[in-house]
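This is run_35.cif. It holds mmCIF, C-alpha atoms.
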data_coords
loop_
_atom_site.label_atom_id
_atom_site.label_comp_id
_atom_site.auth_asym_id
_atom_site.auth_seq_id
_atom_site.Cartn_x
_atom_site.Cartn_y
_atom_site.Cartn_z
CA MET A 1 59.75 109.88 96.86
CA THR A 2 57.85 110.85 93.71
CA PRO A 3 57.80 114.65 93.20
CA LEU A 4 54.42 116.34 93.18
CA LEU A 5 55.07 117.76 89.70
CA GLU A 6 57.66 116.87 87.08
CA ILE A 7 57.96 118.80 83.82
CA GLU A 8 60.52 117.62 81.29
CA GLY A 9 61.29 119.18 77.90
CA LEU A 10 57.92 120.93 77.67
CA LYS A 11 57.33 122.69 74.35
CA THR A 12 54.10 124.54 73.58
CA HIS A 13 53.88 126.08 70.11
CA PHE A 14 51.36 128.25 68.28
CA PRO A 15 51.43 128.00 64.46
CA THR A 16 50.64 131.27 62.68
CA ALA A 17 50.57 132.45 59.09
CA ASN A 18 54.04 133.94 59.58
CA GLY A 19 55.64 131.01 61.35
CA VAL A 20 55.58 129.06 64.61
CA VAL A 21 55.52 130.92 67.92
CA LYS A 22 57.53 128.86 70.42
CA ALA A 23 55.85 130.20 73.55
CA VAL A 24 57.36 127.46 75.74
CA ASP A 25 60.51 125.97 74.30
CA GLY A 26 61.97 123.21 76.44
CA VAL A 27 61.04 123.84 80.09
CA ASP A 28 62.14 121.54 82.91
CA VAL A 29 60.61 122.01 86.38
CA THR A 30 60.29 119.84 89.47
CA LEU A 31 58.07 120.69 92.44
CA SER A 32 57.82 118.84 95.76
CA LYS A 33 54.91 118.68 98.18
CA GLY A 34 54.61 121.84 100.25
CA GLU A 35 57.14 123.68 98.08
CA ILE A 36 56.63 127.16 96.65
CA LEU A 37 58.27 127.91 93.30
CA GLY A 38 58.47 131.46 92.01
CA LEU A 39 58.35 131.59 88.20
CA VAL A 40 59.59 135.05 87.20
CA GLY A 41 60.38 136.96 84.04
CA GLU A 42 59.23 139.81 81.81
CA SER A 43 55.86 139.81 80.07
CA GLY A 44 55.92 137.45 77.10
CA SER A 45 58.55 135.15 78.55
CA GLY A 46 56.17 132.15 78.56
CA LYS A 47 55.26 132.00 82.26
CA SER A 48 51.47 131.96 81.85
CA ILE A 49 51.55 129.54 78.91
CA THR A 50 53.61 127.17 81.07
CA GLY A 51 50.81 127.30 83.65
CA PHE A 52 48.12 126.75 81.01
CA SER A 53 50.10 123.80 79.63
CA ILE A 54 50.21 122.13 83.05
CA MET A 55 46.45 122.56 83.39
CA GLY A 56 45.73 121.34 79.85
CA LEU A 57 44.13 124.67 78.98
CA VAL A 58 46.04 125.46 75.79
CA GLU A 59 43.43 125.96 73.08
CA PRO A 60 43.96 125.20 69.35
CA PRO A 61 45.85 126.12 67.29
CA GLY A 62 48.24 126.07 70.23
CA GLU A 63 49.43 122.63 71.31
CA ILE A 64 52.00 120.84 73.39
CA VAL A 65 54.28 119.44 70.72
CA GLU A 66 56.83 117.76 72.95
CA GLY A 67 57.63 116.99 76.56
CA SER A 68 56.06 115.52 79.65
CA VAL A 69 53.98 116.86 82.56
CA ARG A 70 53.60 114.35 85.39
CA PHE A 71 51.39 115.11 88.39
CA LYS A 72 51.99 112.71 91.31
CA GLY A 73 53.45 110.32 88.73
CA GLU A 74 50.46 110.58 86.35
CA GLU A 75 51.16 111.84 82.82
CA LEU A 76 48.90 114.78 81.96
CA VAL A 77 50.05 115.41 78.38
CA GLY A 78 47.60 113.52 76.20
CA ALA A 79 45.35 112.59 79.14
CA PRO A 80 41.60 112.29 78.37
CA ARG A 81 39.65 115.53 78.72
CA GLU A 82 37.37 113.97 81.34
CA ARG A 83 40.33 113.02 83.50
CA LEU A 84 41.72 116.55 83.28
CA ARG A 85 38.31 117.96 84.17
CA MET A 86 38.24 115.80 87.31
CA LEU A 87 41.66 117.07 88.38
CA ARG A 88 41.12 120.75 87.58
CA GLY A 89 39.54 122.69 90.43
CA ASP A 90 39.92 119.72 92.77
CA ARG A 91 43.51 118.47 92.97
CA ILE A 92 45.02 121.16 90.69
CA ALA A 93 43.74 124.73 90.85
CA MET A 94 44.71 127.83 88.92
CA ILE A 95 44.26 131.45 89.96
CA PHE A 96 44.09 133.57 86.83
CA GLN A 97 45.49 137.07 86.51
CA ASP A 98 42.15 138.38 85.27
CA PRO A 99 39.34 137.35 87.67
CA MET A 100 36.76 137.80 84.91
CA MET A 101 38.30 134.72 83.25
CA THR A 102 37.16 132.82 86.35
CA LEU A 103 33.84 134.43 87.28
CA ASN A 104 30.60 134.17 85.29
CA PRO A 105 29.04 137.68 85.18
CA VAL A 106 25.44 136.43 85.16
CA LEU A 107 25.68 134.05 88.14
CA SER A 108 25.84 135.03 91.81
CA ILE A 109 29.04 134.36 93.74
CA ALA A 110 27.16 131.82 95.87
CA THR A 111 26.00 129.87 92.81
CA GLN A 112 29.50 129.75 91.34
CA MET A 113 31.19 128.69 94.56
CA ILE A 114 28.54 126.12 95.48
CA GLU A 115 28.74 124.59 91.99
CA THR A 116 32.52 124.40 92.36
CA VAL A 117 32.16 122.48 95.62
CA GLN A 118 29.46 120.14 94.30
CA ALA A 119 31.30 119.47 91.03
CA HIS A 120 33.82 117.36 92.94
CA ARG A 121 32.04 116.43 96.19
CA ASN A 122 28.60 115.09 97.07
CA THR A 123 28.04 118.00 99.47
CA PRO A 124 24.59 119.29 100.53
CA ARG A 125 23.89 122.81 99.34
CA ARG A 126 23.76 124.26 102.86
CA GLN A 127 27.14 122.77 103.74
CA ALA A 128 28.59 123.93 100.43
CA ARG A 129 27.38 127.48 101.11
CA LYS A 130 29.01 127.39 104.54
CA GLN A 131 32.25 126.23 102.95
CA ALA A 132 32.04 129.07 100.41
CA ARG A 133 31.36 131.63 103.15
CA GLU A 134 34.39 130.46 105.13
CA ALA A 135 36.57 130.69 102.01
CA LEU A 136 35.50 134.30 101.39
CA ALA A 137 36.23 135.22 105.00
CA ARG A 138 39.65 133.58 104.70
CA VAL A 139 40.70 135.97 101.91
CA GLY A 140 39.51 139.05 103.78
CA ILE A 141 36.10 139.78 102.24
CA PRO A 142 33.91 141.60 104.82
CA SER A 143 30.32 140.40 105.47
CA PRO A 144 30.93 137.21 103.47
CA ASP A 145 27.41 135.85 103.97
CA GLU A 146 25.90 138.95 102.34
CA ARG A 147 28.52 139.16 99.60
CA LEU A 148 27.82 135.58 98.58
CA ASP A 149 24.51 136.74 97.08
CA GLY A 150 26.21 139.47 95.05
CA TYR A 151 27.26 139.35 91.39
CA PRO A 152 30.75 139.95 89.99
CA HIS A 153 29.88 143.42 88.62
CA GLU A 154 29.03 144.52 92.17
CA PHE A 155 32.61 143.87 93.31
CA SER A 156 35.69 145.98 92.71
CA GLY A 157 38.54 144.47 90.69
CA GLY A 158 40.49 143.64 93.84
CA MET A 159 37.43 142.05 95.48
CA ARG A 160 36.79 139.94 92.39
CA GLN A 161 40.37 138.73 92.53
CA ARG A 162 39.90 137.72 96.16
CA VAL A 163 36.80 135.75 95.19
CA ALA A 164 38.80 133.97 92.48
CA ILE A 165 41.49 133.10 95.03
CA ALA A 166 38.83 131.83 97.46
CA ILE A 167 37.42 129.54 94.74
CA ALA A 168 40.87 128.09 94.09
CA LEU A 169 41.31 127.34 97.80
CA LEU A 170 37.91 125.65 98.24
CA HIS A 171 39.15 122.05 97.93
CA GLU A 172 42.63 122.62 99.41
CA PRO A 173 44.21 121.24 96.21
CA ASP A 174 47.54 119.43 95.99
CA LEU A 175 48.85 121.96 93.45
CA ILE A 176 48.00 125.63 92.90
CA ILE A 177 49.21 127.63 89.91
CA ALA A 178 48.87 131.33 90.68
CA ASP A 179 49.23 133.66 87.69
CA GLU A 180 50.04 137.06 89.24
CA PRO A 181 46.94 136.86 91.45
CA THR A 182 47.74 139.80 93.75
CA THR A 183 48.54 142.40 91.08
CA ALA A 184 45.20 144.21 91.57
CA LEU A 185 45.26 144.07 95.38
CA ASP A 186 46.49 146.69 97.82
CA VAL A 187 49.57 145.80 99.84
CA THR A 188 47.64 145.00 103.03
CA ILE A 189 45.37 142.46 101.34
CA GLN A 190 48.31 141.17 99.31
CA SER A 191 50.18 140.48 102.55
CA GLN A 192 47.15 138.61 103.93
CA ILE A 193 46.85 136.47 100.81
CA LEU A 194 50.56 135.64 100.78
CA ALA A 195 50.41 134.64 104.45
CA GLN A 196 47.34 132.50 103.75
CA VAL A 197 48.90 130.56 100.86
CA GLN A 198 52.12 130.07 102.84
CA LYS A 199 50.13 128.62 105.72
CA LEU A 200 48.13 126.42 103.32
CA CYS A 201 51.32 125.03 101.78
CA ALA A 202 52.85 124.38 105.20
CA ASP A 203 49.73 122.81 106.75
CA THR A 204 48.50 120.69 103.83
CA GLU A 205 51.70 120.17 101.80
CA THR A 206 50.13 121.93 98.84
CA GLY A 207 52.63 122.75 96.10
CA LEU A 208 52.47 126.27 94.68
CA ILE A 209 53.80 127.81 91.47
CA TRP A 210 53.64 131.59 91.84
CA ILE A 211 53.93 133.31 88.45
CA THR A 212 55.01 136.93 88.70
CA HIS A 213 57.34 139.65 87.50
CA ASP A 214 57.66 141.02 91.05
CA LEU A 215 60.89 139.78 92.62
CA GLY A 216 59.90 141.50 95.87
CA VAL A 217 56.96 139.12 96.26
CA VAL A 218 58.81 135.89 95.54
CA ALA A 219 61.77 136.95 97.71
CA GLY A 220 59.62 136.57 100.80
CA LEU A 221 57.36 133.80 99.50
CA ALA A 222 59.20 131.21 97.41
CA HIS A 223 61.54 128.42 98.42
CA ARG A 224 62.96 128.26 94.89
CA ILE A 225 62.94 130.61 91.91
CA ALA A 226 63.01 129.80 88.19
CA VAL A 227 63.78 132.69 85.82
CA MET A 228 62.19 132.50 82.35
CA TYR A 229 63.23 134.31 79.20
CA ALA A 230 61.94 133.75 75.65
CA GLY A 231 60.18 130.50 76.53
CA ARG A 232 63.06 128.92 78.45
CA ILE A 233 64.25 128.77 82.03
CA VAL A 234 67.64 130.47 82.05
CA GLU A 235 68.39 130.07 85.77
CA HIS A 236 66.91 128.29 88.76
CA GLY A 237 67.85 127.63 92.35
CA PRO A 238 67.03 128.30 96.02
CA ALA A 239 65.50 131.74 96.40
CA ASP A 240 68.06 133.24 98.79
CA ALA A 241 71.06 131.95 96.86
CA LEU A 242 69.70 133.07 93.49
CA LEU A 243 68.79 136.57 94.68
CA ASP A 244 72.02 137.08 96.64
CA ASP A 245 74.31 135.68 93.96
CA PRO A 246 72.70 135.55 90.48
CA ARG A 247 74.65 133.76 87.76
CA HIS A 248 72.73 134.62 84.59
CA PRO A 249 73.09 138.25 83.36
CA TYR A 250 69.31 138.41 82.85
CA THR A 251 68.68 137.50 86.49
CA GLN A 252 71.20 140.13 87.55
CA GLY A 253 69.41 142.67 85.35
CA LEU A 254 66.02 141.89 86.90
CA ILE A 255 67.44 142.33 90.40
CA GLY A 256 69.06 145.61 89.39
CA CYS A 257 65.66 146.98 88.31
CA VAL A 258 64.16 146.57 91.79
CA PRO A 259 64.07 149.71 94.00
CA ALA A 260 65.87 149.22 97.32
CA ALA A 261 66.15 151.26 100.51
CA ASN A 262 69.94 151.33 100.30
CA ARG A 263 69.81 152.87 96.80
CA ARG A 264 67.58 155.84 97.60
CA GLY A 265 68.13 158.67 95.13
CA GLU A 266 70.12 156.52 92.72
CA PRO A 267 68.81 155.72 89.22
CA LEU A 268 67.74 152.13 88.80
CA ASP A 269 69.67 149.84 86.53
CA ARG A 270 67.89 148.78 83.37
CA ILE A 271 68.18 145.96 80.90
CA PRO A 272 68.93 147.47 77.47
CA GLY A 273 66.66 146.72 74.55
CA THR A 274 63.46 144.69 74.63
CA ALA A 275 62.57 141.02 74.72
CA PRO A 276 62.72 139.40 71.26
CA ALA A 277 59.54 139.08 69.21
CA PRO A 278 58.21 135.50 69.37
CA LEU A 279 58.81 134.96 65.64
CA ASN A 280 62.29 136.55 65.66
CA ARG A 281 64.09 134.71 68.39
CA PRO A 282 67.85 135.05 67.82
CA GLU A 283 70.03 132.01 67.25
CA GLY A 284 71.90 130.70 70.25
CA CYS A 285 71.28 132.48 73.54
CA ALA A 286 68.07 134.50 73.21
CA PHE A 287 69.38 137.13 75.64
CA ARG A 288 72.50 137.75 73.53
CA PRO A 289 71.32 141.00 71.80
CA ARG A 290 70.67 142.62 75.21
CA CYS A 291 73.63 141.19 77.11
CA THR A 292 76.76 143.22 77.85
CA ARG A 293 78.75 140.01 78.37
CA ALA A 294 77.87 138.40 75.02
CA SER A 295 80.55 137.02 72.69
CA ARG A 296 80.65 135.02 69.46
CA THR A 297 80.32 131.88 71.58
CA CYS A 298 76.81 132.98 72.54
CA GLU A 299 75.65 132.45 68.96
CA THR A 300 75.31 128.77 69.93
CA GLU A 301 72.81 127.50 72.46
CA PRO A 302 74.37 127.31 75.97
CA HIS A 303 74.03 124.06 77.88
CA GLN A 304 72.99 124.00 81.51
CA THR A 305 75.69 124.41 84.14
CA ARG A 306 74.87 122.98 87.54
CA ASP A 307 76.25 123.78 90.97
CA GLY A 308 74.47 121.77 93.64
CA LEU A 309 70.81 122.80 93.66
CA ARG A 310 71.43 125.63 91.20
CA GLY A 311 71.50 125.67 87.41
CA TRP A 312 71.93 128.25 84.65
CA HIS A 313 72.30 128.47 80.88
CA CYS A 314 75.11 130.93 80.13
CA PHE A 315 78.63 130.85 78.65
CA HIS A 316 79.69 133.92 80.65
CA PRO A 317 77.96 133.67 84.03
CA VAL A 318 78.07 136.42 86.60
CA ALA A 319 80.05 135.53 89.72
CA GLY A 320 80.09 137.76 92.78
CA GLU A 321 78.86 140.79 90.82
CA VAL A 322 75.59 141.44 92.62
CA PRO A 323 73.96 144.87 92.17
CA ALA A 324 74.36 147.09 95.25
#

How does this structure look as structure tokens?
Amino acid sequence: MTPLLEIEGLKTHFPTANGVVKAVDGVDVTLSKGEILGLVGESGSGKSITGFSIMGLVEPPGEIVEGSVRFKGEELVGAPRERLRMLRGDRIAMIFQDPMMTLNPVLSIATQMIETVQAHRNTPRRQARKQAREALARVGIPSPDERLDGYPHEFSGGMRQRVAIAIALLHEPDLIIADEPTTALDVTIQSQILAQVQKLCADTETGLIWITHDLGVVAGLAHRIAVMYAGRIVEHGPADALLDDPRHPYTQGLIGCVPAANRRGEPLDRIPGTAPAPLNRPEGCAFRPRCTRASRTCETEPHQTRDGLRGWHCFHPVAGEVPA
């Protein structure tokens, strides 16, 4: 069976006056129908640019310089702009971290949602409005019929984010890329949204890539997790196995930073140092300057080690040393 999404060797670079920023530097990802993949890592690790690359939304001077992105077997890298426009918002949707990147401040919510419906379907305006109203109700917006006639500035930041999520769900797409969409929401609404996307994926076999730095969210949401650092995926595997038994020191460090009930009163672990500047990526393993397990061997690029459904790039993997 053809995977829903196949990414192989994806490299997205941004030339600057001081050199080339390798925002995404050789990413491989596979996603099946109905599967939820958590893409996690610190800010600047390349998670969002990976999502933009899939959608074909990387603007010049940035460009995909190498690699392949296949959606249901169709190559998207180099595809005509009109073909990408037909797919975006219909079969592939993206929920942006900042809802103001999605919403037009001078158009009512109804206008924006109805136009989204009619851009891909020959739907009468009344039916499109009904569809928009149902989508708003689905994400927990009270009095959705009245709020449809409002404008983005009349909504709080959390409410605007819910509208953006509702727009992404309008056509029940085959693939959703969610870029930290619940960051501005309170925990109750966040729980509702997570339950809604889980149900959508289960009922319609929609594939979901959930981009976040919050391991607590993906622990209860994702089937698989891919950990990104400095533009590369350093570890991937089934969510439970990866969180219970991390192999890459960076993954272990991320888990150690998460507060837990059984560590009440204890200081959290921390990863020493900071992520490398995009133009000063160290040779070999990019995590080497921050890693307590690093050796001279790490000055060369580690190859992937596989163990069943799991994979990691590390010469000195962690084994059975999970944080308490």

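Interatomic distance, CA of Ser48 (chain A) against CA of Gly220 (chain A): 21.1 Å.
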
Step by step, work through what the PyMOL selection byres ((chain A and resi 182) around 9) selects in the shown file, and finish by giving those residues as a PyMOL selection string. chain A and resi 97+158+161-162+179-181+183-187+189-190+193-194

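When all atoms listed in the file are used to measure the gap to Glu146 (chain A), the shortest distance among A:Ile7, A:Ile109, A:Cys257, A:Ile176 belongs to A:Ile109.
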
Evaluate the PyMOL selection byres ((chain A and resi 115-122) around 9) and report residues as a PyMOL selection string: chain A and resi 86+89-90+110-114+123-125+128-129+131-132+167+170-171

Could you pull the residues within 8 Å of region 273-286 of chain A, counting only C-alpha atoms, minus those fewer than 6 positions along the same chain, as a list in words? Asn18, Gly19, Val20, Val21, Lys22, Ala23, Glu42, Gly44, Tyr229, Ala230, Cys298, Glu299, Thr300, Glu301, Pro302 and Cys314 of chain A

Care to translate the PyMOL selection byres ((chain A and resi 56) around 10) into actual residues of this file, as an NGL selection string? :A and (50-55 or 57-59 or 63-64 or 69 or 76-79 or 81 or 84-85 or 88)

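CA of Asp28 (chain A) is found 6.8 Å from CA of Leu10 (chain A).
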
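Nearest residue to Ser108 (chain A) among A:Arg126, A:Phe71, A:Val24, A:Tyr151 is A:Tyr151, counting all atoms listed in the file.
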
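Closest approach to Gln304 (chain A) from the set A:Arg288, A:Arg264, A:His223, A:Arg247 is made by A:Arg247, with distances taken over only C-alpha atoms.
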
Which polymer residues have any atom within 10 Å of an atom of Val258 (chain A), counting all atoms listed in the file, with same-chain residues fewer than 2 positions away left out, as a list of chain:residue names? A:Asp214, A:Leu215, A:Gly216, A:Gly253, A:Leu254, A:Ile255, A:Gly256, A:Ala260, A:Arg263, A:Leu268, A:Asp269, A:Arg270, A:Pro323

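The space separating CA of Glu75 (chain A) from CA of Leu208 (chain A) comes to 18.7 Å.
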
Close residues, region 196-201 of chain A itself excluded, 12 Å, all atoms listed in the file, min 4 positions apart in chain, as a ChimeraX atom specification: /A:32-37,95,135,137-140,162,165-166,168-178,181-182,189-192,205-210,218,220-223

For Asp25 (chain A), work out the shell of residues within 6 Å, counting all atoms listed in the file and skipping chain neighbours fewer than 2 positions away, then give it as a ChimeraX atom specification. /A:11,22,231-232

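Distance annotation: of A:Pro267, A:Gly26, A:Pro272, A:Pro259, the residue with the minimal separation from Ile233 (chain A) is A:Gly26; atom set is all atoms listed in the file.
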
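For the set A:His248, A:Arg290, A:Arg306, A:Arg296, the residue with the smallest atom-to-atom gap to Ala319 (chain A) is A:His248, counting only C-alpha atoms.
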